[in-house]
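First comes the structure, then the notes that go with it.
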Amino acid sequence: MPTPPEPQHFQDSPLSKAFSQPLMLGLFLPLQTGGWSQSTLPRGTDWSFAYNSRLTQQAEKLGFDLAFGLSQWLPKGGFGGETHYRENFLDPFISAVALASVTKRILLMGTIHVLYGPWHPMHLAKFLATADHISGGRFGANIVTGYAENEPSMFGMTRTEHDRRYAQSAEFTQICNALWAGEDNLTYSGEFYSLENAYVSPRPRFGRPVLATASGSPAGFDYASRYSDIVFVSSPAGEQLAEALPKLPAHVAKVKEAAAARGRQVRVIINPTIIVRPTREEAFAYYQSIMDHADLDSIRSFTARHAAGDSQSWLEHSARGRAVGGHLHIIGSPEEVADQLQQLHATGIDGIQITFYDYEPELAYFGEAVIPLLEQAGLRLPVPPPIETT
């Protein structure tokens with residue numbers, strides 16, 4: 001089937017501008033109750049759209065390159081516990097489209113479980129092309145297949161075997177690409193989907209929308225090497241940075257080498273929770289306070305759900321570390337955090353999708369104290385502020 005040009009092959013595309021940064025900065029939005037941290041320590045983090053809109057605009061002013069949220073389907077009460085962790089949950093696709101109207105430069109991604117319910121490639125191809133035009137080419141999809149045991153049953157489905165899910169997602173994405181290429185009406189009959197005289201117009205501005213995927217498995221890496229621009233990986237050695245650093249180079253290389261074998265280039269990102277304070281002592285005291293207030297009941301529920309799934313990510317992460325959240329914990333003074341990010345970048349990581357415990361003040365301090373150090377270290381190129389229009 002025909003394929004469109006990739007957005008990174010357009011010099012003026014938002015993706016190319018993001019890829020020009022030595023270390024991309026992304027914000028993992030807290031679109032769900034409790035954000036990413038299962039702790040009862042008081043904070044202002046909120047799942048509401050108004051709060052996430054402020055965060056995204058704040059991140060854009062600081063020069064962040066991308067922002068997106070998690071997608072998850074949960075029963076009443078979320079993961080329970082004192083915090084009712086993730087009970088309220090805004091849809092990240094709809095939220096990202098809405099955020100396009102209040103931003104000008106930042107790349108926005110909508111996470112989508114493409115195999116649940118009545119999704120058809122025609123839906124996604126049309127919806128993403130529309131979002132692409134709404135955002136001026138700043139939109140993309142983080143395509144996930146769903147690892148949880150109980151999520152498919154909410155849609156009247158049973159969970160498909162792990163590798164077969166990626167095979168179905170591959171056919172789904174091939175069809176979307178053919179529709180975005182728009183060479184002619186598309187008639188296709190495959191293993192999972194069929195179309196007759198299908199067509200999508202208008203087509204995306206930069207060939208196709210940006211595509212991302214999150215994976216830790218060989219099948220997931222193979223899918224990413226064929227279709228994704230950005231690959232979101234977890235730590236292969238738990239949340240402690242010192243333990244992850246020796247193992248990350250080989251882990252990252254698997255993804256990049258698989259793409260290179262197909263003549264493609266992907267960027268690899270990872271999710272650290274960053275705790276930065278003026279001094280190391282203050283940062284670790286705050287870290288310990290978050291851990292001391294762990295919402296243990298919700299952590300037990302989260303751990304049980306993950307264990308019942310077949311994800312090959314998060315396998316080495318400690319349950320207690322969920323109180324803080326994130327694939328990695330990066331803690332310290334601004335100088336120490338900048339140094340840790342430099343070490344992380346040296347493993348082959350191209351970008352970070354950051355989570356914070358108390359988002360608004362911590363994002364502001366990260367911008368004030370850490371980003372200038374990243375620029376001094378050559379990890380960030382200065383980004384002009386968005387042009388204000390009246």
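So you can find residues: chains in the structure tokens are A, B, ... in the order shown, residues in each start at 1, and ligands are numbered from 1 in order.
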Residues near Arg264 in chain A, anyone? I mean within 10 Å using only C-alpha atoms, not counting same-chain ones fewer than 4 positions away, as JSON, numbers by chain. {"A": [6, 225, 226, 227, 228, 229, 256, 257, 258, 259, 260]}
Output N, CA and C atoms for every residue in that selection, as a PDB file, in the first residue's frame.
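again.pdb, written as the output of this step:
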ATOM      1  N   GLU A   6       7.218  11.066   5.692  1.00  0.00           N
ATOM      2  CA  GLU A   6       7.207  11.199   7.145  1.00  0.00           C
ATOM      3  C   GLU A   6       7.359  12.665   7.537  1.00  0.00           C
ATOM      4  N   SER A 225       9.708   0.237  14.868  1.00  0.00           N
ATOM      5  CA  SER A 225      10.738   0.446  13.843  1.00  0.00           C
ATOM      6  C   SER A 225      10.126   0.684  12.469  1.00  0.00           C
ATOM      7  N   ARG A 226       8.906   0.220  12.255  1.00  0.00           N
ATOM      8  CA  ARG A 226       8.242   0.360  10.955  1.00  0.00           C
ATOM      9  C   ARG A 226       7.402   1.628  10.850  1.00  0.00           C
ATOM     10  N   TYR A 227       6.770   2.027  11.964  1.00  0.00           N
ATOM     11  CA  TYR A 227       5.723   3.041  11.847  1.00  0.00           C
ATOM     12  C   TYR A 227       5.890   4.279  12.724  1.00  0.00           C
ATOM     13  N   SER A 228       6.669   4.207  13.780  1.00  0.00           N
ATOM     14  CA  SER A 228       6.676   5.285  14.767  1.00  0.00           C
ATOM     15  C   SER A 228       7.797   6.284  14.516  1.00  0.00           C
ATOM     16  N   ASP A 229       7.538   7.531  14.881  1.00  0.00           N
ATOM     17  CA  ASP A 229       8.569   8.564  14.881  1.00  0.00           C
ATOM     18  C   ASP A 229       9.233   8.640  16.256  1.00  0.00           C
ATOM     19  N   LYS A 256      16.586   1.599  18.007  1.00  0.00           N
ATOM     20  CA  LYS A 256      17.170   2.404  16.935  1.00  0.00           C
ATOM     21  C   LYS A 256      17.755   1.534  15.826  1.00  0.00           C
ATOM     22  N   GLU A 257      18.363   0.421  16.202  1.00  0.00           N
ATOM     23  CA  GLU A 257      18.946  -0.458  15.193  1.00  0.00           C
ATOM     24  C   GLU A 257      17.867  -1.118  14.345  1.00  0.00           C
ATOM     25  N   ALA A 258      16.737  -1.463  14.967  1.00  0.00           N
ATOM     26  CA  ALA A 258      15.637  -2.061  14.207  1.00  0.00           C
ATOM     27  C   ALA A 258      15.097  -1.067  13.184  1.00  0.00           C
ATOM     28  N   ALA A 259      14.983   0.205  13.571  1.00  0.00           N
ATOM     29  CA  ALA A 259      14.514   1.224  12.625  1.00  0.00           C
ATOM     30  C   ALA A 259      15.551   1.469  11.535  1.00  0.00           C
ATOM     31  N   ALA A 260      16.832   1.541  11.918  1.00  0.00           N
ATOM     32  CA  ALA A 260      17.897   1.787  10.937  1.00  0.00           C
ATOM     33  C   ALA A 260      17.944   0.681   9.885  1.00  0.00           C
TER      34      ALA A 260
END
Step one, run DSSP on the backbone; step two, keep only residues of range 66-307 of chain A assigned to strand (DSSP E); then write them as a PyMOL selection string. chain A and resi 66-68+107-113+139-144+186-189+194-198+210-214+230-233+267-270+272-276
Quick one: of A:Tyr85, A:Phe192, A:Phe19, A:Tyr357, who's nearest to Val266 in chain A, counting only C-alpha atoms? A:Phe19
Based on DSSP run over this structure's backbone, return all residues of range 109-207 of chain A in helix (DSSP H, G or I), as a ChimeraX atom specification. /A:121-135,151-154,162-181
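Candidate residues A:Glu161, A:Leu55, A:Trp180, A:Ala319 were compared for distance to Pro361 in chain A, and the nearest is A:Leu55, using only C-alpha atoms.
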Can you pull out the residues contacting Ala148 in chain A? Cut-off 12 Å, using only C-alpha atoms, and skip same-chain residues under 2 positions away; I want them as a PDB file with N, CA, C and O atoms, in the first residue's frame.
ATOM      1  N   SER A  71      -3.671   6.954  28.482  1.00  0.00           N
ATOM      2  CA  SER A  71      -5.017   6.428  28.280  1.00  0.00           C
ATOM      3  C   SER A  71      -5.165   5.147  29.092  1.00  0.00           C
ATOM      4  O   SER A  71      -4.295   4.276  29.056  1.00  0.00           O
ATOM      5  N   GLN A  72      -6.255   5.068  29.832  1.00  0.00           N
ATOM      6  CA  GLN A  72      -6.499   3.882  30.665  1.00  0.00           C
ATOM      7  C   GLN A  72      -7.994   3.783  30.911  1.00  0.00           C
ATOM      8  O   GLN A  72      -8.697   4.791  30.973  1.00  0.00           O
ATOM      9  N   TRP A  73      -8.482   2.560  31.023  1.00  0.00           N
ATOM     10  CA  TRP A  73      -9.906   2.321  31.247  1.00  0.00           C
ATOM     11  C   TRP A  73     -10.054   1.575  32.568  1.00  0.00           C
ATOM     12  O   TRP A  73      -9.548   0.472  32.727  1.00  0.00           O
ATOM     13  N   LEU A  74     -10.764   2.208  33.522  1.00  0.00           N
ATOM     14  CA  LEU A  74     -10.819   1.686  34.885  1.00  0.00           C
ATOM     15  C   LEU A  74     -12.256   1.596  35.387  1.00  0.00           C
ATOM     16  O   LEU A  74     -13.127   2.361  34.955  1.00  0.00           O
ATOM     17  N   HIS A 113      -6.116   3.695  22.321  1.00  0.00           N
ATOM     18  CA  HIS A 113      -6.174   2.231  22.233  1.00  0.00           C
ATOM     19  C   HIS A 113      -6.912   1.879  20.932  1.00  0.00           C
ATOM     20  O   HIS A 113      -8.147   1.850  20.896  1.00  0.00           O
ATOM     21  N   TYR A 116      -9.603  -1.349  20.753  1.00  0.00           N
ATOM     22  CA  TYR A 116     -10.791  -1.477  21.593  1.00  0.00           C
ATOM     23  C   TYR A 116     -12.036  -0.992  20.840  1.00  0.00           C
ATOM     24  O   TYR A 116     -12.020   0.051  20.173  1.00  0.00           O
ATOM     25  N   VAL A 144      -1.418   2.728  21.237  1.00  0.00           N
ATOM     26  CA  VAL A 144      -1.167   1.635  22.180  1.00  0.00           C
ATOM     27  C   VAL A 144      -2.151   0.499  21.926  1.00  0.00           C
ATOM     28  O   VAL A 144      -3.248   0.711  21.403  1.00  0.00           O
ATOM     29  N   THR A 145      -1.744  -0.709  22.299  1.00  0.00           N
ATOM     30  CA  THR A 145      -2.547  -1.893  21.999  1.00  0.00           C
ATOM     31  C   THR A 145      -3.317  -2.420  23.199  1.00  0.00           C
ATOM     32  O   THR A 145      -4.218  -3.235  23.031  1.00  0.00           O
ATOM     33  N   GLY A 146      -2.958  -2.001  24.413  1.00  0.00           N
ATOM     34  CA  GLY A 146      -3.678  -2.419  25.606  1.00  0.00           C
ATOM     35  C   GLY A 146      -3.173  -3.727  26.175  1.00  0.00           C
ATOM     36  O   GLY A 146      -3.335  -4.786  25.565  1.00  0.00           O
ATOM     37  N   ASN A 150      -8.495  -6.685  32.078  1.00  0.00           N
ATOM     38  CA  ASN A 150      -9.909  -6.360  32.241  1.00  0.00           C
ATOM     39  C   ASN A 150     -10.395  -5.235  31.334  1.00  0.00           C
ATOM     40  O   ASN A 150     -11.603  -5.015  31.224  1.00  0.00           O
ATOM     41  N   GLU A 151      -9.509  -4.509  30.671  1.00  0.00           N
ATOM     42  CA  GLU A 151      -9.969  -3.414  29.824  1.00  0.00           C
ATOM     43  C   GLU A 151     -10.795  -3.890  28.625  1.00  0.00           C
ATOM     44  O   GLU A 151     -11.873  -3.336  28.357  1.00  0.00           O
ATOM     45  N   PRO A 152     -10.350  -4.889  27.863  1.00  0.00           N
ATOM     46  CA  PRO A 152     -11.142  -5.294  26.694  1.00  0.00           C
ATOM     47  C   PRO A 152     -12.562  -5.716  27.044  1.00  0.00           C
ATOM     48  O   PRO A 152     -13.496  -5.490  26.252  1.00  0.00           O
ATOM     49  N   SER A 153     -12.750  -6.309  28.231  1.00  0.00           N
ATOM     50  CA  SER A 153     -14.096  -6.770  28.596  1.00  0.00           C
ATOM     51  C   SER A 153     -15.065  -5.603  28.733  1.00  0.00           C
ATOM     52  O   SER A 153     -16.282  -5.774  28.579  1.00  0.00           O
ATOM     53  N   MET A 154     -14.569  -4.397  29.035  1.00  0.00           N
ATOM     54  CA  MET A 154     -15.440  -3.232  29.093  1.00  0.00           C
ATOM     55  C   MET A 154     -16.061  -2.951  27.725  1.00  0.00           C
ATOM     56  O   MET A 154     -17.114  -2.315  27.636  1.00  0.00           O
ATOM     57  N   THR A 158     -12.458  -9.886  24.370  1.00  0.00           N
ATOM     58  CA  THR A 158     -11.447 -10.587  25.156  1.00  0.00           C
ATOM     59  C   THR A 158     -10.076 -10.139  24.679  1.00  0.00           C
ATOM     60  O   THR A 158      -9.907  -9.752  23.518  1.00  0.00           O
ATOM     61  N   ARG A 159      -9.110 -10.198  25.573  1.00  0.00           N
ATOM     62  CA  ARG A 159      -7.772  -9.711  25.232  1.00  0.00           C
ATOM     63  C   ARG A 159      -7.112 -10.623  24.199  1.00  0.00           C
ATOM     64  O   ARG A 159      -7.031 -11.836  24.372  1.00  0.00           O
ATOM     65  N   THR A 160      -6.634 -10.024  23.129  1.00  0.00           N
ATOM     66  CA  THR A 160      -5.912 -10.744  22.088  1.00  0.00           C
ATOM     67  C   THR A 160      -4.488 -11.013  22.555  1.00  0.00           C
ATOM     68  O   THR A 160      -3.910 -10.237  23.325  1.00  0.00           O
ATOM     69  N   GLU A 161      -3.903 -12.107  22.083  1.00  0.00           N
ATOM     70  CA  GLU A 161      -2.527 -12.464  22.439  1.00  0.00           C
ATOM     71  C   GLU A 161      -1.568 -11.324  22.076  1.00  0.00           C
ATOM     72  O   GLU A 161      -1.766 -10.616  21.083  1.00  0.00           O
ATOM     73  N   HIS A 162      -0.535 -11.167  22.883  1.00  0.00           N
ATOM     74  CA  HIS A 162       0.354 -10.005  22.832  1.00  0.00           C
ATOM     75  C   HIS A 162       0.862  -9.698  21.427  1.00  0.00           C
ATOM     76  O   HIS A 162       0.665  -8.591  20.885  1.00  0.00           O
ATOM     77  N   PHE A 302      -2.965  -1.252  41.926  1.00  0.00           N
ATOM     78  CA  PHE A 302      -2.237  -1.010  40.677  1.00  0.00           C
ATOM     79  C   PHE A 302      -1.295  -2.164  40.362  1.00  0.00           C
ATOM     80  O   PHE A 302      -1.227  -2.645  39.222  1.00  0.00           O
ATOM     81  N   THR A 303      -0.568  -2.626  41.364  1.00  0.00           N
ATOM     82  CA  THR A 303       0.397  -3.709  41.167  1.00  0.00           C
ATOM     83  C   THR A 303      -0.300  -4.988  40.723  1.00  0.00           C
ATOM     84  O   THR A 303       0.175  -5.695  39.822  1.00  0.00           O
ATOM     85  N   ALA A 304      -1.451  -5.294  41.325  1.00  0.00           N
ATOM     86  CA  ALA A 304      -2.191  -6.499  40.958  1.00  0.00           C
ATOM     87  C   ALA A 304      -2.700  -6.411  39.527  1.00  0.00           C
ATOM     88  O   ALA A 304      -2.648  -7.393  38.770  1.00  0.00           O
ATOM     89  N   ARG A 305      -3.189  -5.264  39.145  1.00  0.00           N
ATOM     90  CA  ARG A 305      -3.690  -5.094  37.780  1.00  0.00           C
ATOM     91  C   ARG A 305      -2.570  -5.265  36.763  1.00  0.00           C
ATOM     92  O   ARG A 305      -2.725  -5.904  35.733  1.00  0.00           O
ATOM     93  N   HIS A 306      -1.423  -4.665  37.046  1.00  0.00           N
ATOM     94  CA  HIS A 306      -0.305  -4.765  36.111  1.00  0.00           C
ATOM     95  C   HIS A 306       0.184  -6.210  36.014  1.00  0.00           C
ATOM     96  O   HIS A 306       0.500  -6.701  34.932  1.00  0.00           O
ATOM     97  N   ALA A 307       0.230  -6.895  37.144  1.00  0.00           N
ATOM     98  CA  ALA A 307       0.697  -8.286  37.145  1.00  0.00           C
ATOM     99  C   ALA A 307      -0.235  -9.187  36.347  1.00  0.00           C
ATOM    100  O   ALA A 307       0.204 -10.184  35.755  1.00  0.00           O
ATOM    101  N   ALA A 308      -1.526  -8.845  36.309  1.00  0.00           N
ATOM    102  CA  ALA A 308      -2.484  -9.657  35.560  1.00  0.00           C
ATOM    103  C   ALA A 308      -2.417  -9.402  34.061  1.00  0.00           C
ATOM    104  O   ALA A 308      -2.942 -10.176  33.270  1.00  0.00           O
ATOM    105  N   GLY A 309      -1.758  -8.307  33.679  1.00  0.00           N
ATOM    106  CA  GLY A 309      -1.602  -7.999  32.260  1.00  0.00           C
ATOM    107  C   GLY A 309      -0.394  -8.689  31.676  1.00  0.00           C
ATOM    108  O   GLY A 309       0.289  -9.475  32.337  1.00  0.00           O
ATOM    109  N   ASP A 310      -0.131  -8.389  30.389  1.00  0.00           N
ATOM    110  CA  ASP A 310       1.023  -9.016  29.743  1.00  0.00           C
ATOM    111  C   ASP A 310       2.018  -7.987  29.223  1.00  0.00           C
ATOM    112  O   ASP A 310       2.772  -8.249  28.291  1.00  0.00           O
ATOM    113  N   SER A 311       2.017  -6.789  29.844  1.00  0.00           N
ATOM    114  CA  SER A 311       2.999  -5.776  29.469  1.00  0.00           C
ATOM    115  C   SER A 311       4.407  -6.247  29.798  1.00  0.00           C
ATOM    116  O   SER A 311       4.631  -6.910  30.818  1.00  0.00           O
ATOM    117  N   GLN A 312       5.347  -5.901  28.928  1.00  0.00           N
ATOM    118  CA  GLN A 312       6.747  -6.212  29.189  1.00  0.00           C
ATOM    119  C   GLN A 312       7.527  -4.967  29.607  1.00  0.00           C
ATOM    120  O   GLN A 312       8.754  -4.930  29.548  1.00  0.00           O
TER     121      GLN A 312
END
Taking only C-alpha atoms into account, name the residue in A:Ile275, A:Ala178, A:Ile143, A:Ala59 that is nearest to Val231 in chain A. A:Ile143
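For the residues A:Val114, A:Pro4, A:Ser20, A:Asp339, ranking by smallest atom-to-atom distance to Val210 in chain A using only C-alpha atoms places A:Pro4 first.
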I'd like the neighbourhood of Phe64 in chain A as a VMD selection string, where a residue qualifies if any of its atoms comes within 10 Å (using only C-alpha atoms), though same-chain residues fewer than 3 positions away should be ignored. chain A and resid 18 24 to 27 56 to 61 67 105 to 107 353 367 371 383
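Nearest-residue note for Leu115 in chain A: choosing from A:Ser48, A:Phe172, A:Ala129, A:Gly156, the minimum distance belongs to A:Phe172, counting only C-alpha atoms.
Each of A:Ile331, A:Thr33, A:Arg203, A:Leu245 was checked against Glu281 in chain A using only C-alpha atoms; the smallest atom-to-atom distance is that of A:Ile331.
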Got a sec: who's within 10 Å of Pro30 in chain A, counting only C-alpha atoms, leaving out chain neighbours fewer than 5 positions off, as JSON, numbers by chain? {"A": [35, 36, 37, 45, 46, 47, 48, 49, 51, 52, 55, 68, 69, 70, 86, 89, 90, 92, 355, 356, 357, 359]}
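For Gln342 in chain A, the list of residues within 10 Å, based on only C-alpha atoms and with local chain neighbours fewer than 5 positions off taken out, reads Leu23, Glu336, Val337, Thr347, Ile349, Leu374, Ala377, Gly378 and Leu379 of chain A.
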Write to file, as a compact mmCIF listing (two decimals), in the first residue's frame, the residues of the selection just made, with C-alpha atoms.
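The file below, selection_24.txt, is the result:
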# COMPACT_ATOMS: atom_id res chain seq x y z
CA LEU A 23 17.31 16.46 24.39
CA GLU A 336 22.58 17.49 40.07
CA VAL A 337 19.41 17.10 38.03
CA THR A 347 22.73 6.32 27.02
CA ILE A 349 17.84 8.67 25.15
CA LEU A 374 20.68 22.22 30.11
CA ALA A 377 25.50 21.89 28.75
CA GLY A 378 24.43 21.84 25.10
CA LEU A 379 21.43 19.60 25.78
Neighbours of range 108-110 of chain A within 8 Å (only C-alpha atoms; same-chain residues fewer than 6 positions away dropped), as JSON, numbers by chain? {"A": [66, 67, 68, 69, 92, 93, 94, 95, 96, 97, 99, 100, 138, 139, 140, 141, 142, 210]}
